[in-house]
$ cat model_13.cif   # mmCIF, C-alpha atoms and all ligand atoms
data_structure
#
loop_
_atom_site.label_atom_id
_atom_site.label_comp_id
_atom_site.auth_asym_id
_atom_site.auth_seq_id
_atom_site.Cartn_x
_atom_site.Cartn_y
_atom_site.Cartn_z
CA MET A 1 220.07 148.98 37.80
CA VAL A 2 217.09 146.83 36.88
CA THR A 3 217.49 143.79 34.60
CA GLY A 4 214.67 142.69 32.34
CA ALA A 5 213.45 146.28 32.42
CA GLY A 6 212.12 146.22 28.86
CA ARG A 7 208.60 145.16 29.76
CA GLY A 8 206.34 143.60 32.39
CA ILE A 9 207.42 143.54 36.02
CA GLY A 10 210.92 144.92 35.35
CA LYS A 11 209.50 147.92 33.50
CA ALA A 12 207.11 148.62 36.40
CA ILE A 13 209.96 148.34 38.93
CA ALA A 14 212.14 150.72 36.88
CA GLU A 15 209.30 153.24 36.58
CA ASN A 16 208.49 153.01 40.28
CA LEU A 17 212.13 153.58 41.29
CA ALA A 18 212.46 156.44 38.80
CA ALA A 19 209.38 158.11 40.28
CA LYS A 20 211.21 158.09 43.63
CA GLY A 21 214.16 159.94 42.09
CA VAL A 22 216.45 156.96 41.46
CA LYS A 23 218.75 157.26 38.43
CA LEU A 24 218.18 154.14 36.37
CA ILE A 25 220.15 151.79 34.16
CA CYS A 26 217.56 149.70 32.33
CA VAL A 27 219.01 146.39 31.15
CA SER A 28 217.39 143.95 28.77
CA LYS A 29 218.38 141.57 26.02
CA ASN A 30 216.40 143.61 23.52
CA PRO A 31 217.92 147.10 22.96
CA ALA A 32 214.67 148.52 21.58
CA SER A 33 212.59 147.58 24.61
CA CYS A 34 214.96 148.75 27.38
CA GLY A 35 215.78 151.81 25.26
CA GLY A 36 212.09 152.63 24.96
CA VAL A 37 211.57 152.34 28.72
CA ALA A 38 214.63 154.51 29.49
CA ASP A 39 213.47 157.13 26.97
CA ALA A 40 209.97 157.20 28.46
CA ILE A 41 211.37 157.62 31.99
CA THR A 42 213.60 160.47 30.81
CA ALA A 43 210.73 162.10 28.90
CA ALA A 44 208.67 162.00 32.10
CA GLY A 45 211.38 163.96 33.94
CA GLY A 46 213.40 161.03 35.29
CA ASN A 47 216.94 159.98 34.58
CA ALA A 48 217.54 156.67 32.80
CA VAL A 49 219.89 155.03 30.34
CA ALA A 50 219.58 151.64 28.67
CA ARG A 51 222.04 148.83 28.05
CA ALA A 52 221.42 145.68 26.03
CA VAL A 53 223.05 142.77 27.87
CA ASP A 54 222.37 139.04 27.73
CA VAL A 55 222.29 138.36 31.46
CA SER A 56 222.75 134.63 30.94
CA SER A 57 226.29 135.24 29.66
CA SER A 58 228.98 135.54 32.32
CA SER A 59 231.39 137.34 29.96
CA GLU A 60 228.75 139.83 28.72
CA VAL A 61 227.72 140.69 32.29
CA GLU A 62 231.32 141.07 33.45
CA ALA A 63 232.17 143.39 30.56
CA ALA A 64 228.95 145.43 30.91
CA ALA A 65 229.36 145.80 34.69
CA ALA A 66 232.96 147.03 34.32
CA GLU A 67 231.91 149.52 31.65
CA LEU A 68 228.92 150.78 33.66
CA ILE A 69 230.95 151.22 36.85
CA LYS A 70 233.61 153.12 34.86
CA GLU A 71 230.94 155.38 33.40
CA PHE A 72 228.66 155.92 36.42
CA GLY A 73 230.67 154.86 39.50
CA PRO A 74 229.52 152.14 41.91
CA ILE A 75 225.97 151.01 41.30
CA ASP A 76 224.06 151.11 44.59
CA ILE A 77 220.80 149.34 43.65
CA LEU A 78 220.66 146.05 41.78
CA VAL A 79 217.35 144.41 40.92
CA ASN A 80 217.83 141.02 39.28
CA ASN A 81 214.50 140.65 37.52
CA ALA A 82 215.25 139.21 34.05
CA GLY A 83 213.72 135.78 33.66
CA ILE A 84 212.32 133.26 31.22
CA THR A 85 210.21 130.13 31.34
CA ARG A 86 210.65 126.94 29.32
CA ASP A 87 207.86 124.86 30.83
CA GLY A 88 207.32 121.13 30.37
CA LEU A 89 206.83 118.03 32.46
CA LEU A 90 210.08 116.67 33.88
CA ALA A 91 210.10 113.51 31.77
CA ARG A 92 210.05 115.58 28.59
CA MET A 93 212.24 118.49 29.70
CA SER A 94 215.36 118.84 27.55
CA ASP A 95 218.80 119.62 28.94
CA GLU A 96 218.72 122.81 26.84
CA ASP A 97 215.51 124.02 28.50
CA TRP A 98 216.90 123.19 31.94
CA ASP A 99 220.18 125.03 31.27
CA ALA A 100 218.56 128.08 29.65
CA VAL A 101 216.24 128.67 32.60
CA ILE A 102 218.95 128.13 35.23
CA GLN A 103 221.35 130.44 33.38
CA THR A 104 218.87 133.25 32.81
CA ASN A 105 217.01 133.15 36.13
CA LEU A 106 219.71 132.07 38.59
CA SER A 107 223.27 132.30 37.21
CA SER A 108 222.57 135.86 36.01
CA ALA A 109 222.06 136.99 39.62
CA PHE A 110 225.38 135.41 40.57
CA TYR A 111 227.16 137.14 37.67
CA TRP A 112 225.73 140.61 38.42
CA THR A 113 226.12 140.34 42.19
CA LYS A 114 229.75 139.26 41.83
CA ALA A 115 230.52 142.08 39.40
CA ILE A 116 228.59 144.88 41.11
CA GLY A 117 228.42 143.68 44.71
CA TRP A 118 232.02 144.34 45.74
CA PRO A 119 232.16 147.94 44.52
CA MET A 120 228.79 148.33 46.32
CA CYS A 121 230.33 146.93 49.53
CA ARG A 122 233.32 149.22 49.23
CA SER A 123 231.01 152.24 49.10
CA ARG A 124 229.22 150.95 52.22
CA TRP A 125 225.65 151.29 50.94
CA GLY A 126 223.72 149.01 48.68
CA ARG A 127 220.44 147.27 47.96
CA ILE A 128 220.03 144.01 46.10
CA VAL A 129 216.57 142.64 45.27
CA ASN A 130 216.18 139.33 43.47
CA ILE A 131 212.87 138.54 41.81
CA SER A 132 211.95 134.93 42.56
CA SER A 133 208.47 133.39 42.31
CA VAL A 134 205.91 131.47 44.34
CA SER A 135 207.00 128.54 42.13
CA GLY A 136 210.34 128.65 43.95
CA ILE A 137 208.54 128.35 47.29
CA MET A 138 205.71 125.92 46.48
CA GLY A 139 206.97 124.10 43.37
CA ASN A 140 204.80 123.93 40.27
CA ALA A 141 204.15 120.94 38.00
CA GLY A 142 205.71 121.60 34.60
CA GLN A 143 208.28 124.04 36.00
CA ALA A 144 211.11 121.89 37.43
CA ASN A 145 213.73 124.16 35.84
CA TYR A 146 212.00 127.41 36.82
CA SER A 147 211.14 126.31 40.38
CA ALA A 148 214.73 125.14 40.93
CA ALA A 149 216.13 128.45 39.65
CA LYS A 150 213.69 130.52 41.71
CA ALA A 151 214.30 128.45 44.88
CA GLY A 152 218.04 128.75 44.21
CA LEU A 153 217.68 132.53 44.15
CA ILE A 154 216.31 132.42 47.69
CA GLY A 155 219.30 130.49 49.09
CA PHE A 156 221.66 132.68 47.06
CA THR A 157 220.08 135.88 48.40
CA LYS A 158 220.27 134.73 52.04
CA THR A 159 223.97 133.97 51.59
CA VAL A 160 224.64 137.35 49.95
CA ALA A 161 222.70 139.00 52.80
CA LYS A 162 225.00 137.33 55.34
CA GLU A 163 228.20 138.10 53.41
CA PHE A 164 227.36 141.77 52.74
CA ALA A 165 225.48 142.76 55.92
CA ARG A 166 228.39 144.42 57.68
CA ARG A 167 228.94 146.67 54.66
CA ASN A 168 225.43 148.12 54.90
CA VAL A 169 224.35 146.22 51.78
CA THR A 170 221.03 144.40 52.05
CA ALA A 171 219.78 141.55 49.86
CA ASN A 172 216.15 140.47 49.75
CA VAL A 173 213.79 138.46 47.57
CA VAL A 174 210.44 139.47 46.13
CA ALA A 175 208.42 136.44 45.08
CA PRO A 176 205.48 137.34 42.83
CA GLY A 177 202.49 135.09 42.42
CA PHE A 178 200.71 134.99 39.05
CA ILE A 179 201.01 138.38 37.36
CA GLN A 180 199.46 139.49 34.06
CA THR A 181 202.46 139.98 31.75
CA ASP A 182 203.72 138.61 28.43
CA MET A 183 205.20 135.72 30.44
CA THR A 184 201.77 134.49 31.54
CA ALA A 185 199.86 135.60 28.44
CA ASP A 186 200.44 132.23 26.77
CA LEU A 187 198.71 130.24 29.53
CA SER A 188 195.47 128.79 28.24
CA GLU A 189 192.20 130.18 29.56
CA GLU A 190 191.62 126.86 31.32
CA VAL A 191 194.99 127.00 33.14
CA GLN A 192 194.42 130.65 34.07
CA LYS A 193 191.01 129.75 35.52
CA GLY A 194 192.51 126.82 37.44
CA VAL A 195 195.29 128.97 38.88
CA THR A 196 192.87 131.74 39.85
CA ASN A 197 190.98 129.27 42.05
CA PHE A 198 194.15 128.88 44.16
CA ILE A 199 194.54 132.64 44.67
CA PRO A 200 192.57 133.82 47.71
CA MET A 201 192.06 137.21 46.00
CA ARG A 202 190.74 135.34 42.93
CA ARG A 203 192.69 137.40 40.37
CA PHE A 204 196.10 137.65 38.74
CA GLY A 205 198.19 140.60 39.96
CA GLN A 206 199.43 143.49 37.81
CA SER A 207 203.09 144.49 37.38
CA ASP A 208 202.45 147.62 39.44
CA ASP A 209 201.27 145.44 42.35
CA ILE A 210 204.80 144.01 42.47
CA ALA A 211 206.80 147.18 41.86
CA HIS A 212 206.17 148.78 45.27
CA ALA A 213 207.90 145.95 47.14
CA PRO A 214 211.35 146.25 45.50
CA SER A 215 211.09 150.03 45.74
CA PHE A 216 210.48 149.83 49.48
CA LEU A 217 213.30 147.30 49.96
CA CYS A 218 215.65 149.70 48.14
CA SER A 219 214.71 152.64 50.36
CA GLU A 220 216.48 154.00 53.43
CA GLU A 221 213.47 152.89 55.52
CA ALA A 222 214.31 149.25 54.75
CA SER A 223 217.92 149.49 55.94
CA TYR A 224 217.46 146.88 58.73
CA ILE A 225 215.69 144.31 56.51
CA THR A 226 217.92 141.72 54.88
CA GLY A 227 217.77 138.08 53.83
CA GLN A 228 213.97 138.11 53.66
CA VAL A 229 211.48 136.73 51.17
CA PHE A 230 208.43 138.89 50.39
CA THR A 231 205.63 137.15 48.56
CA VAL A 232 203.32 139.47 46.62
CA ASP A 233 200.73 136.99 45.41
CA GLY A 234 197.19 137.80 46.52
CA GLY A 235 197.63 135.34 49.38
CA MET A 236 198.54 132.31 47.28
CA ALA A 237 201.59 131.01 49.18
CA MET A 238 200.62 131.00 52.85
P1 LIG A 301 208.49 139.17 30.80
O1 LIG A 301 208.73 137.99 29.93
O2 LIG A 301 207.35 140.06 30.50
O3 LIG A 301 209.80 140.09 30.85
C1 LIG A 301 211.06 139.52 31.07
C2 LIG A 301 212.15 140.53 30.77
O4 LIG A 301 213.41 139.87 30.93
C3 LIG A 301 212.11 141.05 29.33
O5 LIG A 301 212.43 142.44 29.35
C4 LIG A 301 213.23 140.28 28.65
O6 LIG A 301 213.86 140.97 27.58
C5 LIG A 301 214.22 140.10 29.81
N1 LIG A 301 215.12 138.98 29.56
C6 LIG A 301 214.82 137.68 29.36
N2 LIG A 301 215.94 136.98 29.13
C7 LIG A 301 216.98 137.85 29.19
C8 LIG A 301 218.38 137.75 29.04
N3 LIG A 301 218.97 136.57 28.76
N4 LIG A 301 219.13 138.86 29.15
C9 LIG A 301 218.55 140.05 29.41
N5 LIG A 301 217.24 140.24 29.58
C10 LIG A 301 216.46 139.14 29.47
O7 LIG A 301 208.40 138.59 32.26
P2 LIG A 301 207.72 139.16 33.60
O8 LIG A 301 206.44 138.47 33.77
O9 LIG A 301 207.78 140.64 33.62
O10 LIG A 301 208.72 138.56 34.69
C11 LIG A 301 209.76 139.31 35.30
C12 LIG A 301 210.36 138.49 36.42
O11 LIG A 301 209.34 138.13 37.36
C13 LIG A 301 210.96 137.16 35.94
O12 LIG A 301 212.12 136.87 36.68
C14 LIG A 301 209.88 136.17 36.26
O13 LIG A 301 210.38 134.88 36.43
C15 LIG A 301 209.32 136.74 37.54
N6 LIG A 301 207.96 136.29 37.84
C16 LIG A 301 206.94 136.53 36.96
C17 LIG A 301 205.65 136.09 37.28
C18 LIG A 301 204.47 136.32 36.38
O14 LIG A 301 203.40 135.76 36.67
N7 LIG A 301 204.57 137.08 35.32
C19 LIG A 301 205.45 135.38 38.47
C20 LIG A 301 206.50 135.16 39.33
C21 LIG A 301 207.76 135.62 39.00
#
$ encode --input "model_13.cif" --output "structure tokens"
Amino acid sequence: MVTGAGRGIGKAIAENLAAKGVKLICVSKNPASCGGVADAITAAGGNAVARAVDVSSSSEVEAAAAELIKEFGPIDILVNNAGITRDGLLARMSDEDWDAVIQTNLSSAFYWTKAIGWPMCRSRWGRIVNISSVSGIMGNAGQANYSAAKAGLIGFTKTVAKEFARRNVTANVVAPGFIQTDMTADLSEEVQKGVTNFIPMRRFGQSDDIAHAPSFLCSEEASYITGQVFTVDGGMAM
């Protein structure tokens, strides 16, 4: 299952996993977008269904997880990718913007992992990948909410890794740098230029640049890797 699979990085991760033969549940808030991605994967010979779920809602996630497990059995791959930004300098950041970003980027991973993680542990095989950000490692002015959520995901993942390790369930983080998606499309040309100067490769990444990392971490070859943070950022955070 991949959350936020309707577009951008989540879509690329879903497509990459599908190309490796993984049966997909594409989750997004918007039924049309995750439905479109699932249909395209199926049309290309893969196997995917879509579910519209607001991942920031504990009750929606709990109900969806129970329904999905009833329908498909234990889910063995969980990629928590759904995320939003509500940027602004700390002094002007509203409580609503703080809460929305923490709920969508961090609490969602807790809700899904709690709901899906135990059935995964009982079946003694599982892969959890949480999509963080270089902002969670380095901080970023104007992103107190986002950086806190993304840093929180790292601590959360390491704890899950320790709790689930003996059940053959791994949990890792992929932390993208600046990637060309709808999320970054709104950044002014000036900001994009400024950011690019801090990237040793001097370019934003593409969603496909990210997608290989979660796919590898979900593979059998990665069975002895857990609790790790993989930055995929053109060398930005080193
Ligand atoms: P995007 O805005 O293009 O896509 C986000 C996806 O998440 C969409 O499908 C959207 O519907 C879904 N989503 C948002 N809120 C949701 C909710 N409440 N319930 C269900 N689905 C919801 O973003 P993206 O650039 O593809 O980012 C994907 C992930 O990668 C995010 O977690 C983001 O924080 C992270 N990331 C992105 C960048 C970047 O530069 N684009 C950098 C670092 C990390």
$ residues_near_ligand --input "model_13.cif" --ligand "ligand LIG 301 (chain A)" --cutoff "8 Å" --atoms "only C-alpha atoms and all ligand atoms" --output "PyMOL selection string"
chain A and resi 3-11+27-30+33-34+52-57+80-85+104-105+131-135+146+150+175-184+204-205+207
$ atom_distance --input "model_13.cif" --atom1 "atom CA of Phe216 of chain A" --atom2 "atom CA of Ile102 of chain A"
27.3 Å
$ axis_aligned_box --input "model_13.cif" --around "segment 181-189 of chain A" --padding-each-side "3 Å" --output "JSON"
{"center_x": 198.7, "center_y": 134.4, "center_z": 29.3, "size_x": 19.0, "size_y": 17.2, "size_z": 11.0}
$ residues_around --input "model_13.cif" --residues "Trp125 of chain A" --least-positions-apart "2" --cutoff "7 Å" --atoms "all atoms listed in the file" --output "compact mmCIF listing (two decimals) with C-alpha atoms, keeping the file's coordinate frame"
# COMPACT_ATOMS: atom_id res chain seq x y z
CA ASP A 76 224.06 151.11 44.59
CA MET A 120 228.79 148.33 46.32
CA CYS A 121 230.33 146.93 49.53
CA SER A 123 231.01 152.24 49.10
CA ARG A 167 228.94 146.67 54.66
CA ASN A 168 225.43 148.12 54.90
CA VAL A 169 224.35 146.22 51.78
$ residues_near_point --input "model_13.cif" --point "(208.9, 117.0, 28.2)" --cutoff "12 Å" --atoms "all atoms listed in the file" --output "list of chain:residue names"
A:Arg86, A:Asp87, A:Gly88, A:Leu89, A:Leu90, A:Ala91, A:Arg92, A:Met93, A:Ser94, A:Asp95, A:Glu96, A:Asp97, A:Trp98, A:Ala141, A:Gly142, A:Gln143, A:Ala144, A:Asn145
$ residues_around --input "model_13.cif" --residues "Ala48 of chain A" --least-positions-apart "3" --cutoff "10 Å" --atoms "only C-alpha atoms" --output "ChimeraX atom specification"
/A:1,14-15,18,22-26,34-35,37-43,45
$ atom_distance --input "model_13.cif" --atom1 "atom CA of His212 of chain A" --atom2 "atom CA of Asn16 of chain A"
6.9 Å
$ residues_near_point --input "model_13.cif" --point "(227.4, 138.8, 51.3)" --cutoff "12 Å" --atoms "only C-alpha atoms" --output "ChimeraX atom specification"
/A:110,113-114,116-118,120-121,126-128,155-172,226-227
$ atom_distance --input "model_13.cif" --atom1 "atom CA of Trp112 of chain A" --atom2 "atom CA of Val61 of chain A"
6.4 Å
$ closest_residue --input "model_13.cif" --among "A:Ala32, A:Glu190, A:Ile210, A:Lys70" --to "Thr231 of chain A" --atoms "only C-alpha atoms"
A:Ile210
$ closest_residue --input "model_13.cif" --among "A:Ser59, A:Gln192, A:Ser147, A:Ser108" --to "Asn130 of chain A" --atoms "only C-alpha atoms"
A:Ser108
$ closest_residue --input "model_13.cif" --among "A:Ala109, A:Ala50, A:Val173, A:Ala64" --to "Leu217 of chain A" --atoms "only C-alpha atoms"
A:Val173
$ closest_residue --input "model_13.cif" --among "A:Ala148, A:Asn47, A:Ala65, A:Ser215" --to "Val101 of chain A" --atoms "all atoms listed in the file"
A:Ala148
$ closest_residue --input "model_13.cif" --among "A:Ala44, A:Val174, A:Met236, A:Val229" --to "Ala211 of chain A" --atoms "all atoms listed in the file"
A:Val174
$ build_atoms --input "model_13.cif" --residues "segment 186-201 of chain A" --atoms "N, CA, C and O atoms" --output "short mmCIF file (atom, residue, chain, number, x, y, z; two decimals), in the frame of the given file"
data_model
loop_
_atom_site.label_atom_id
_atom_site.label_comp_id
_atom_site.auth_asym_id
_atom_site.auth_seq_id
_atom_site.Cartn_x
_atom_site.Cartn_y
_atom_site.Cartn_z
N ASP A 186 200.59 133.46 27.56
CA ASP A 186 200.44 132.23 26.77
C ASP A 186 199.66 131.13 27.50
O ASP A 186 199.30 130.13 26.89
N LEU A 187 199.44 131.28 28.79
CA LEU A 187 198.71 130.24 29.53
C LEU A 187 197.29 130.16 28.99
O LEU A 187 196.64 131.19 28.78
N SER A 188 196.81 128.94 28.79
CA SER A 188 195.47 128.79 28.24
C SER A 188 194.44 129.34 29.23
O SER A 188 194.71 129.44 30.44
N GLU A 189 193.26 129.65 28.71
CA GLU A 189 192.20 130.18 29.56
C GLU A 189 191.88 129.20 30.69
O GLU A 189 191.65 129.59 31.83
N GLU A 190 191.94 127.90 30.34
CA GLU A 190 191.62 126.86 31.32
C GLU A 190 192.65 126.87 32.47
O GLU A 190 192.28 126.81 33.65
N VAL A 191 193.94 126.97 32.10
CA VAL A 191 194.99 127.00 33.14
C VAL A 191 194.83 128.26 33.98
O VAL A 191 194.91 128.22 35.23
N GLN A 192 194.56 129.40 33.32
CA GLN A 192 194.42 130.65 34.07
C GLN A 192 193.26 130.56 35.07
O GLN A 192 193.37 131.01 36.21
N LYS A 193 192.17 129.92 34.63
CA LYS A 193 191.01 129.75 35.52
C LYS A 193 191.37 128.87 36.70
O LYS A 193 191.05 129.16 37.85
N GLY A 194 192.10 127.77 36.40
CA GLY A 194 192.51 126.82 37.44
C GLY A 194 193.40 127.50 38.47
O GLY A 194 193.21 127.33 39.68
N VAL A 195 194.36 128.28 37.98
CA VAL A 195 195.29 128.97 38.88
C VAL A 195 194.52 129.97 39.75
O VAL A 195 194.75 130.06 40.96
N THR A 196 193.61 130.70 39.13
CA THR A 196 192.87 131.74 39.85
C THR A 196 192.14 131.16 41.06
O THR A 196 192.02 131.81 42.11
N ASN A 197 191.68 129.92 40.93
CA ASN A 197 190.98 129.27 42.05
C ASN A 197 191.87 129.07 43.27
O ASN A 197 191.39 128.90 44.38
N PHE A 198 193.22 129.05 43.04
CA PHE A 198 194.15 128.88 44.16
C PHE A 198 194.61 130.21 44.75
O PHE A 198 195.40 130.24 45.69
N ILE A 199 194.15 131.32 44.16
CA ILE A 199 194.54 132.64 44.67
C ILE A 199 193.41 133.16 45.54
O ILE A 199 192.30 133.40 45.04
N PRO A 200 193.65 133.33 46.85
CA PRO A 200 192.57 133.82 47.71
C PRO A 200 191.91 135.10 47.18
O PRO A 200 190.71 135.28 47.34
N MET A 201 192.66 135.97 46.54
CA MET A 201 192.06 137.21 46.00
C MET A 201 191.38 136.99 44.66
O MET A 201 190.81 137.94 44.09
#
